[in-house]
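Below is one structure, written out as structure tokens; comments come after it.
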Amino acid sequence: MAITTSELPDTAAAVLAFARSRRRMADRAEAELLVAACEWADLHPPESVSDAAAFTVPGGGEHEEPVAGPGAPLVAEFCIPEFGAVLGLSTTAAKQLIGQALELRHRLPRLWRRVQAGDLPAWRARRIAETTIHAGLSPQAAAYVDAQLTPFAHRTTTTAVDRLVDAAIARYEPARAAETARLAADGRHVTIEDQQVSFAGTMRVTAELDLADALDFSAAVTRGAETLKTLGSEESLDARRAAAVGELARAQLALPLVEEVAQQPSRNQGTARQVVLHVHLSEDDPVARLEPGTLATIDQVRHWCARSHTQVVVKPVLDLHQPIVCEGYQPSPRLREQVILRDRTCVFPWCTRPARGCDLDHIVPWETGGPTDTTNLAALCRRHHRLKTHSAWAYERTGPAAYTWTSPHGHTYVRDDTGTEPG
């Protein structure tokens, strides 16, 4: 039951005491949730999967999902989505939660005992467990981290945990440590972050280059910025340098880079970049939605399309409500595009994988008479496509982009273009 404002303490000291008690209650609940995650995993070992649902997990054993480090028990893959669904978590987040719980109970038992005793917040222990899972520590190395870290886990930093993990690898896995050091000796990289976090229409790029390459790149960017200024640009120096990088890239794409391409200049001359934008607009909204969920203003889209070396392709608008029917099992490109634009993401509860990278699933199976048409196709990522095909999960389409799912234990979830909620 929610507490009302009138029931809150009315002095500073009382408010702090109230907040502290609620924090302890939340920590206790999080510790108990870890126990529930372990119990759920214990109830679903790999052998719990029926023969009728047999299939092989790519890169792993049949039916099983390695969710924690070496020595922790394996879990039947299909049990994970249901545990996540009742908690309002994606399958990936549920896998992380179960994996962290098993890592703590089986490979970091000292930390586990502190969490269950109530003197170490579960979130701190989970963060440590995620680090040891990601590092893939041997059982001996994990035990070393557990013994060394447990007394200080309530106040340690992420950096300290990383250093201790490195020390454990050096102590118990020297060959791996030497190989890691060898690979790290060459730190060159170019990293382009693919997440846009604002309407700025920018992406962050970081690089570590050879000295000579870095000097040449700097000179080319400086010259490009000066050229843009000469041509009338009134942007700041930093903005012109950033624009110069784009011009360098587009000019490079226009060049024939191999001999056989050079013999066919017509294939690579002219425009260097093709922009295909799926833009969703409304009459009174200046914001455009671009796949797979990026937002931009109309002016930004206009600016991108007006840049030099850019070829703009305008594709016909698809009516998302106009039924399309195909003969045979495979949908036509037009039907596939319609389903992708309608569903936007995988339609499993709380999954956010973009629909363009998903399979198209026949809701009523093709083998039992389900048609290949607008009403009977839905976007499912590969994991959830397998789940629907090989387990007791079932769903039906209940609206233009709405689906009602039923789990093996009878829980229902309604998924539409605004999100997921329990049915």
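Going by the structure tokens order, chains are called A, B, ..., each with residues numbered from 1, while ligands are numbered from 1 in the order shown.
Of the residues in region 13-252 of chain A, those that DSSP places in strand (DSSP E) on the basis of the backbone are Glu64, Glu65, Val75, Ala76, His189, Val190, Thr191, Ile192, Val205, Thr206, Ala207 and Glu208 of chain A.
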Counting only C-alpha atoms, which residues of region 307-407 of chain A sit at most 10 Å from some atom of region 89-107 of chain A, and what is each one's closest atom pair with its distance in Å to one decimal, listed by chain and rising residue number, as CSV?
```
residue,atom,partner,partner_atom,distance
A:Phe348,CA,A:Ser90,CA,8.9
A:Pro349,CA,A:Ser90,CA,7.2
A:Trp350,CA,A:Ser90,CA,4.9
A:Cys351,CA,A:Ser90,CA,5.4
A:Thr352,CA,A:Ser90,CA,8.1
A:Arg383,CA,A:Thr91,CA,9.1
A:His384,CA,A:Thr91,CA,8.9
```
File of the preceding selection, all heavy atoms, as a PDB file, in the first residue's frame:
```
ATOM      1  N   PHE A 348       8.049  -9.632 -28.479  1.00  0.00           N
ATOM      2  CA  PHE A 348       8.006 -10.368 -27.209  1.00  0.00           C
ATOM      3  C   PHE A 348       8.013  -9.359 -26.057  1.00  0.00           C
ATOM      4  O   PHE A 348       8.599  -8.281 -26.180  1.00  0.00           O
ATOM      5  CB  PHE A 348       9.210 -11.298 -27.098  1.00  0.00           C
ATOM      6  CG  PHE A 348       9.147 -12.224 -25.910  1.00  0.00           C
ATOM      7  CD1 PHE A 348       8.378 -13.376 -25.958  1.00  0.00           C
ATOM      8  CD2 PHE A 348       9.840 -11.939 -24.747  1.00  0.00           C
ATOM      9  CE1 PHE A 348       8.302 -14.234 -24.874  1.00  0.00           C
ATOM     10  CE2 PHE A 348       9.774 -12.789 -23.652  1.00  0.00           C
ATOM     11  CZ  PHE A 348       9.000 -13.931 -23.718  1.00  0.00           C
ATOM     12  N   PRO A 349       7.361  -9.682 -24.937  1.00  0.00           N
ATOM     13  CA  PRO A 349       7.303  -8.736 -23.820  1.00  0.00           C
ATOM     14  C   PRO A 349       8.676  -8.189 -23.424  1.00  0.00           C
ATOM     15  O   PRO A 349       9.611  -8.949 -23.185  1.00  0.00           O
ATOM     16  CB  PRO A 349       6.684  -9.570 -22.688  1.00  0.00           C
ATOM     17  CG  PRO A 349       5.813 -10.556 -23.399  1.00  0.00           C
ATOM     18  CD  PRO A 349       6.562 -10.892 -24.660  1.00  0.00           C
ATOM     19  N   TRP A 350       8.763  -6.873 -23.399  1.00  0.00           N
ATOM     20  CA  TRP A 350       9.936  -6.110 -22.952  1.00  0.00           C
ATOM     21  C   TRP A 350      11.164  -6.272 -23.821  1.00  0.00           C
ATOM     22  O   TRP A 350      12.248  -5.814 -23.462  1.00  0.00           O
ATOM     23  CB  TRP A 350      10.277  -6.433 -21.489  1.00  0.00           C
ATOM     24  CG  TRP A 350       9.327  -5.801 -20.532  1.00  0.00           C
ATOM     25  CD1 TRP A 350       9.251  -4.488 -20.196  1.00  0.00           C
ATOM     26  CD2 TRP A 350       8.281  -6.446 -19.798  1.00  0.00           C
ATOM     27  NE1 TRP A 350       8.231  -4.270 -19.296  1.00  0.00           N
ATOM     28  CE2 TRP A 350       7.624  -5.454 -19.024  1.00  0.00           C
ATOM     29  CE3 TRP A 350       7.837  -7.757 -19.702  1.00  0.00           C
ATOM     30  CZ2 TRP A 350       6.559  -5.747 -18.194  1.00  0.00           C
ATOM     31  CZ3 TRP A 350       6.776  -8.055 -18.872  1.00  0.00           C
ATOM     32  CH2 TRP A 350       6.147  -7.041 -18.130  1.00  0.00           C
ATOM     33  N   CYS A 351      11.054  -6.896 -24.986  1.00  0.00           N
ATOM     34  CA  CYS A 351      12.205  -6.988 -25.883  1.00  0.00           C
ATOM     35  C   CYS A 351      12.270  -5.728 -26.744  1.00  0.00           C
ATOM     36  O   CYS A 351      11.233  -5.224 -27.201  1.00  0.00           O
ATOM     37  CB  CYS A 351      12.114  -8.224 -26.781  1.00  0.00           C
ATOM     38  SG  CYS A 351      13.619  -8.499 -27.759  1.00  0.00           S
ATOM     39  N   THR A 352      13.476  -5.218 -26.975  1.00  0.00           N
ATOM     40  CA  THR A 352      13.639  -3.971 -27.723  1.00  0.00           C
ATOM     41  C   THR A 352      14.530  -4.135 -28.949  1.00  0.00           C
ATOM     42  O   THR A 352      14.979  -3.138 -29.509  1.00  0.00           O
ATOM     43  CB  THR A 352      14.235  -2.883 -26.811  1.00  0.00           C
ATOM     44  OG1 THR A 352      15.498  -3.328 -26.292  1.00  0.00           O
ATOM     45  CG2 THR A 352      13.301  -2.563 -25.653  1.00  0.00           C
ATOM     46  N   ARG A 383      16.115 -15.311 -30.671  1.00  0.00           N
ATOM     47  CA  ARG A 383      15.923 -15.994 -29.386  1.00  0.00           C
ATOM     48  C   ARG A 383      14.449 -16.229 -29.120  1.00  0.00           C
ATOM     49  O   ARG A 383      14.028 -17.329 -28.753  1.00  0.00           O
ATOM     50  CB  ARG A 383      16.526 -15.159 -28.255  1.00  0.00           C
ATOM     51  CG  ARG A 383      16.246 -15.730 -26.865  1.00  0.00           C
ATOM     52  CD  ARG A 383      16.643 -14.745 -25.777  1.00  0.00           C
ATOM     53  NE  ARG A 383      18.060 -14.646 -25.634  1.00  0.00           N
ATOM     54  CZ  ARG A 383      18.796 -15.377 -24.792  1.00  0.00           C
ATOM     55  NH1 ARG A 383      18.204 -16.306 -24.050  1.00  0.00           N
ATOM     56  NH2 ARG A 383      20.088 -15.204 -24.697  1.00  0.00           N
ATOM     57  N   HIS A 384      13.620 -15.198 -29.303  1.00  0.00           N
ATOM     58  CA  HIS A 384      12.204 -15.338 -28.973  1.00  0.00           C
ATOM     59  C   HIS A 384      11.426 -16.074 -30.057  1.00  0.00           C
ATOM     60  O   HIS A 384      10.361 -16.628 -29.789  1.00  0.00           O
ATOM     61  CB  HIS A 384      11.610 -13.964 -28.681  1.00  0.00           C
ATOM     62  CG  HIS A 384      12.187 -13.341 -27.440  1.00  0.00           C
ATOM     63  ND1 HIS A 384      12.678 -12.055 -27.405  1.00  0.00           N
ATOM     64  CD2 HIS A 384      12.375 -13.875 -26.195  1.00  0.00           C
ATOM     65  CE1 HIS A 384      13.130 -11.809 -26.173  1.00  0.00           C
ATOM     66  NE2 HIS A 384      12.962 -12.890 -25.435  1.00  0.00           N
TER      67      HIS A 384
END
```
Given only C-alpha atoms as the basis, pick out the residue of A:Val145, A:Ala68, A:Ala184, A:Ala378 nearest to Gln338 (chain A).
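Nearest to Gln338 (chain A): A:Ala378.
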Can you measure CA of Asn376 (chain A) to CA of His362 (chain A) for me? One decimal in Å is fine.
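So the two atoms, CA of Asn376 (chain A) and CA of His362 (chain A), lie 5.6 Å apart.
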For Ala242 (chain A), which of A:Ala181, A:Val165, A:Val75, A:Val221 is the closest residue, counting only C-alpha atoms?
A:Val221
Between CA of Ala214 (chain A) and CA of Ala177 (chain A), what is the distance in Å, rounded to a tenth?
29.6 Å
Kindly indicate which residue among A:Ala168, A:Cys326, A:Leu137, A:Ile128 lies nearest to Phe152 (chain A), using only C-alpha atoms for the distances.
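Once distances to Phe152 (chain A) are computed over only C-alpha atoms, the minimum belongs to A:Ile128.
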Mind pulling up the distance from CA of Thr375 (chain A) to CA of Pro354 (chain A)?
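Separation between CA of Pro354 (chain A) and CA of Thr375 (chain A): 19.6 Å.
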Running DSSP on the backbone, which parts of region 36-221 of chain A land in helix (DSSP H, G or I), as an MDAnalysis selection string?
chainID A and resid 36:43 46:48 51:53 79:87 91:107 109:117 122:135 139:152 158:172 174:185 211:221
